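What follows is a short report on a single structure.
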Amino acid sequence: MEKKIKKIGVLTSGGDAPGMNAAIRAVVRTALHHEVEIIGIRKGYNGLINGEIKEMRSRDVSNIMNLGGTILHTARSPEMMTEEGQKKAAAIYSILGLDALVVIGGDGSYRGMRELAKYGVNCFGIPATIDLDMGCTEYTIGFDTAVNTGMDALNKLRDTSSSHERCSVVEVMGRDAGYIAMWCAMTGGAEDVIFPEAKETQDHKKVIQQILTNRSTGKRHNLIVVAEGNGGTQQLAKEIQDITGIQTRATILGHLQRGGTPTATDRMHASLMGYYVVKAIMEGQKNKVVSYNRGRYEIIDLEESFTMKKQLDPEYYDILKVLSI
């Protein structure tokens, strides 16, 4: 007979992502619905190691779905990368009498779960990162809000670029993945995009040639999107201006894309993922993560999640080039 679940912990880890609060809310209220005590752990794995905790009530998660960031706060934890830190975190988990630990975060947070599981911690993951760079799921909480923030910025930059007949080079977040860059470029009507997954996009000479071609056909302004993983945004803007004579400005959106009110899409995914994770815990499952693939939510093994791969569809770039003519 499975052990009765009495107490669950929840934390947010790594970079914050819009929608994390909706996930916290779903975890807390689903646990309380099952009459399970729920412990909020502040500052990610650091908070677990240092015992920074708070018992969560239903009212503690009222009116938080519209908030960016995370009410539990988050932090990088170098100590969790050490065996000593992992053992200490597992010991605190045991002292608190937790039956499961829900971790809301990205791939680094999942690696932390993988290590904790070796010391008997029953870990459950909810994918939350604006970068969408987790192989085990087609969607991660925060991505849609980040893209909408980027798209809005591109809309505004197009207005001023058009007024001055300039070129704008815009760097968006995404770490080493090009999902945000591609989506922002496509939805923002950019003329070109540079992203890590496609080497052919990274030739500055080709980008500049495209701008000159556009100018010869009557296009008086250009938007170029650069993925964070490529960088060199300021240098590219300088090259474009020096070679073409077209006034060019570089804009780096940076952490602007990590904040803001979560979109309906992020709130919906976060709410359902939080619910399904607690449901899996109550069913007695061990060391699982929730994913969204092929239009369905699924619960998969934590270890299996590390073997799953995905890639940005290269056809998206071809489509963008067709639509940008």
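In the structure tokens, the first chain shown is A, the next is B, and so on; residue numbers restart at 1 for each chain, and ligands run from 1 in the order shown.
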List as a Markdown table every residue of stretch 135-212 of chain A that is in contact with stretch 318-324 of chain A, defined as an atom at most 8 Å from one of its atoms (using only C-alpha atoms), together with the nearest atom pair and the distance in Å rounded to one decimal, sorted by chain and then rising number.
| residue | atom | partner | partner_atom | distance |
| --- | --- | --- | --- | --- |
| A:Ala185 | CA | A:Leu320 | CA | 7.8 |
| A:Met186 | CA | A:Leu320 | CA | 6.0 |
| A:Gly189 | CA | A:Ser324 | CA | 6.8 |
| A:Ala190 | CA | A:Ser324 | CA | 6.7 |
| A:Glu191 | CA | A:Ser324 | CA | 5.1 |
| A:Asp192 | CA | A:Lys321 | CA | 7.0 |
- Find the residues around stretch 47-58 of chain A up to 7 Å (only C-alpha atoms counted), leave out those fewer than 3 positions away in its own chain, and share them as a VMD selection string. chain A and resid 28 to 29 38 to 44 61 to 62 88 to 89 92
- Task: Have a look at A:Gln241, A:Ser94, A:Thr187, A:Ser168 and name the one nearest to A:Ile224; count only C-alpha atoms.
- Result: A:Ser168
- All helix (DSSP H, G or I) positions in stretch 175-231 of chain A, as a VMD selection string: chain A and resid 179 to 187 199 to 202 204 to 216
- Item | For A:Met20, the nearest of the candidates A:Ile130, A:Val290, A:Ala91, A:Ile243, counting only C-alpha atoms |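 Looking at the shortest contact to A:Met20, the residue is A:Ile130.
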- Would you give me, as a list in words, the residues in stretch 153-250 of chain A that DSSP reads as strand (DSSP E)?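 For stretch 153-250 of chain A, the strand (DSSP E) set is Cys167, Ser168, Val169, Val170, Glu171, Val172, Asp192, Val193, Ile194, Asn222, Leu223, Ile224, Val225, Val226, Ala227, Thr248, Arg249 and Ala250 of chain A.
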Can I get the selection written as a compact mmCIF listing (two decimals), in the first residue's frame, with N, CA and C atoms?
# COMPACT_ATOMS: atom_id res chain seq x y z
N CYS A 167 18.18 51.19 -39.89
CA CYS A 167 18.18 49.75 -39.62
C CYS A 167 18.27 49.58 -38.11
N SER A 168 17.48 48.67 -37.56
CA SER A 168 17.54 48.35 -36.14
C SER A 168 18.01 46.91 -35.97
N VAL A 169 19.03 46.72 -35.15
CA VAL A 169 19.52 45.39 -34.81
C VAL A 169 19.11 45.12 -33.37
N VAL A 170 18.30 44.11 -33.16
CA VAL A 170 17.70 43.88 -31.85
C VAL A 170 18.14 42.53 -31.30
N GLU A 171 18.76 42.54 -30.13
CA GLU A 171 19.17 41.29 -29.47
C GLU A 171 18.10 40.88 -28.46
N VAL A 172 17.64 39.65 -28.59
CA VAL A 172 16.64 39.11 -27.67
C VAL A 172 17.26 38.00 -26.82
N ASP A 192 15.48 39.79 -41.12
CA ASP A 192 16.47 38.72 -40.99
C ASP A 192 16.61 38.37 -39.51
N VAL A 193 17.14 37.17 -39.26
CA VAL A 193 17.35 36.71 -37.89
C VAL A 193 18.63 35.90 -37.83
N ILE A 194 19.38 36.08 -36.77
CA ILE A 194 20.62 35.33 -36.53
C ILE A 194 20.42 34.51 -35.27
N ASN A 222 14.98 48.43 -42.01
CA ASN A 222 15.19 47.00 -41.79
C ASN A 222 15.24 46.70 -40.29
N LEU A 223 14.70 45.53 -39.93
CA LEU A 223 14.81 45.00 -38.58
C LEU A 223 15.58 43.70 -38.63
N ILE A 224 16.63 43.59 -37.86
CA ILE A 224 17.43 42.36 -37.77
C ILE A 224 17.37 41.89 -36.32
N VAL A 225 16.99 40.64 -36.11
CA VAL A 225 16.92 40.08 -34.76
C VAL A 225 18.13 39.18 -34.54
N VAL A 226 18.77 39.33 -33.40
CA VAL A 226 19.94 38.52 -33.05
C VAL A 226 19.65 37.78 -31.75
N ALA A 227 19.91 36.48 -31.75
CA ALA A 227 19.74 35.69 -30.54
C ALA A 227 20.87 35.97 -29.55
N THR A 248 22.29 52.92 -38.31
CA THR A 248 21.91 51.65 -37.69
C THR A 248 22.03 51.77 -36.17
N ARG A 249 21.03 51.29 -35.50
CA ARG A 249 21.01 51.34 -34.04
C ARG A 249 20.88 49.93 -33.47
N ALA A 250 21.61 49.66 -32.39
CA ALA A 250 21.53 48.36 -31.71
C ALA A 250 20.70 48.51 -30.44
Near A:Ala146, within 8 Å and counting only C-alpha atoms, which residues show up once chain neighbours fewer than 6 positions away are dropped, as a compact mmCIF listing (two decimals) with N, CA and C atoms, in the first residue's frame?
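Written file, result19.txt:
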# COMPACT_ATOMS: atom_id res chain seq x y z
N PRO A 18 7.83 34.57 -16.36
CA PRO A 18 6.43 34.94 -16.15
C PRO A 18 5.54 33.69 -16.18
N ILE A 130 11.98 31.04 -20.00
CA ILE A 130 11.57 31.77 -21.20
C ILE A 130 12.29 31.24 -22.44
N ILE A 180 13.28 32.11 -29.02
CA ILE A 180 12.75 33.46 -28.84
C ILE A 180 13.09 34.32 -30.05
N GLN A 257 12.67 40.95 -20.98
CA GLN A 257 11.85 39.82 -21.41
C GLN A 257 11.56 38.81 -20.30
N ARG A 258 12.24 38.95 -19.17
CA ARG A 258 12.02 38.02 -18.07
C ARG A 258 10.90 38.47 -17.15
N GLY A 259 10.48 39.73 -17.30
CA GLY A 259 9.46 40.26 -16.41
C GLY A 259 8.14 40.50 -17.12
At a cut-off of 7 Å, can you tabulate as a tab-separated table every residue of stretch 194-305 of chain A near stretch 67-80 of chain A together with its closest atom pair and the distance in Å to one decimal, using only C-alpha atoms and ordering rows by chain then number?
residue	atom	partner	partner_atom	distance
A:Gly259	CA	A:Gly68	CA	5.4
A:Gly260	CA	A:Gly68	CA	5.0
A:Thr261	CA	A:Gly68	CA	5.2
A:Pro262	CA	A:Gly68	CA	6.3
For stretch 25-27 of chain A, find every residue with an atom within 6 Å (counting only C-alpha atoms), except residues of its own chain fewer than 3 positions away, and show them as an mmCIF file with N, CA and C atoms, in the first residue's frame.
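And here is the file that came out, out_4.cif:
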data_model
loop_
_atom_site.group_PDB
_atom_site.id
_atom_site.type_symbol
_atom_site.label_atom_id
_atom_site.label_comp_id
_atom_site.auth_asym_id
_atom_site.auth_seq_id
_atom_site.Cartn_x
_atom_site.Cartn_y
_atom_site.Cartn_z
ATOM 1 N N ALA A 22 1.622 31.569 -11.234
ATOM 2 C CA ALA A 22 0.430 30.774 -11.546
ATOM 3 C C ALA A 22 0.677 29.300 -11.240
ATOM 4 N N THR A 30 -4.026 22.878 -5.279
ATOM 5 C CA THR A 30 -4.327 21.469 -5.539
ATOM 6 C C THR A 30 -3.931 20.610 -4.342
ATOM 7 N N VAL A 61 -1.748 32.631 -1.938
ATOM 8 C CA VAL A 61 -1.574 32.643 -3.392
ATOM 9 C C VAL A 61 -2.723 33.359 -4.087
ATOM 10 N N SER A 271 -1.017 26.719 -14.790
ATOM 11 C CA SER A 271 -2.089 26.215 -13.932
ATOM 12 C C SER A 271 -2.286 24.721 -14.113
ATOM 13 N N GLY A 274 0.810 22.669 -12.865
ATOM 14 C CA GLY A 274 0.820 22.587 -11.408
ATOM 15 C C GLY A 274 -0.180 21.577 -10.887
ATOM 16 N N TYR A 275 -1.349 21.570 -11.485
ATOM 17 C CA TYR A 275 -2.386 20.616 -11.081
ATOM 18 C C TYR A 275 -1.948 19.178 -11.359
#
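Proximity of A:His221, A:Tyr93, A:Leu101, A:Gly9 to A:Ser162, computed with only C-alpha atoms, is greatest for A:His221.
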- Message: I'd like to know which of A:Ile325, A:Met182, A:Val289, A:Leu236 is closest to A:Lys219, using only C-alpha atoms.
- Response: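 Using only C-alpha atoms, A:Lys219 sits closest to A:Ile325.
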- Distance in Å - atom CA of A:Arg114 versus atom CA of A:Phe306: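 Atom CA of A:Phe306 lies 9.4 Å from atom CA of A:Arg114.
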- Which residues come within 9 Å of A:Tyr119, counting only C-alpha atoms, excluding same-chain residues fewer than 5 positions away, as a PyMOL selection string? chain A and resi 86-87+90-91
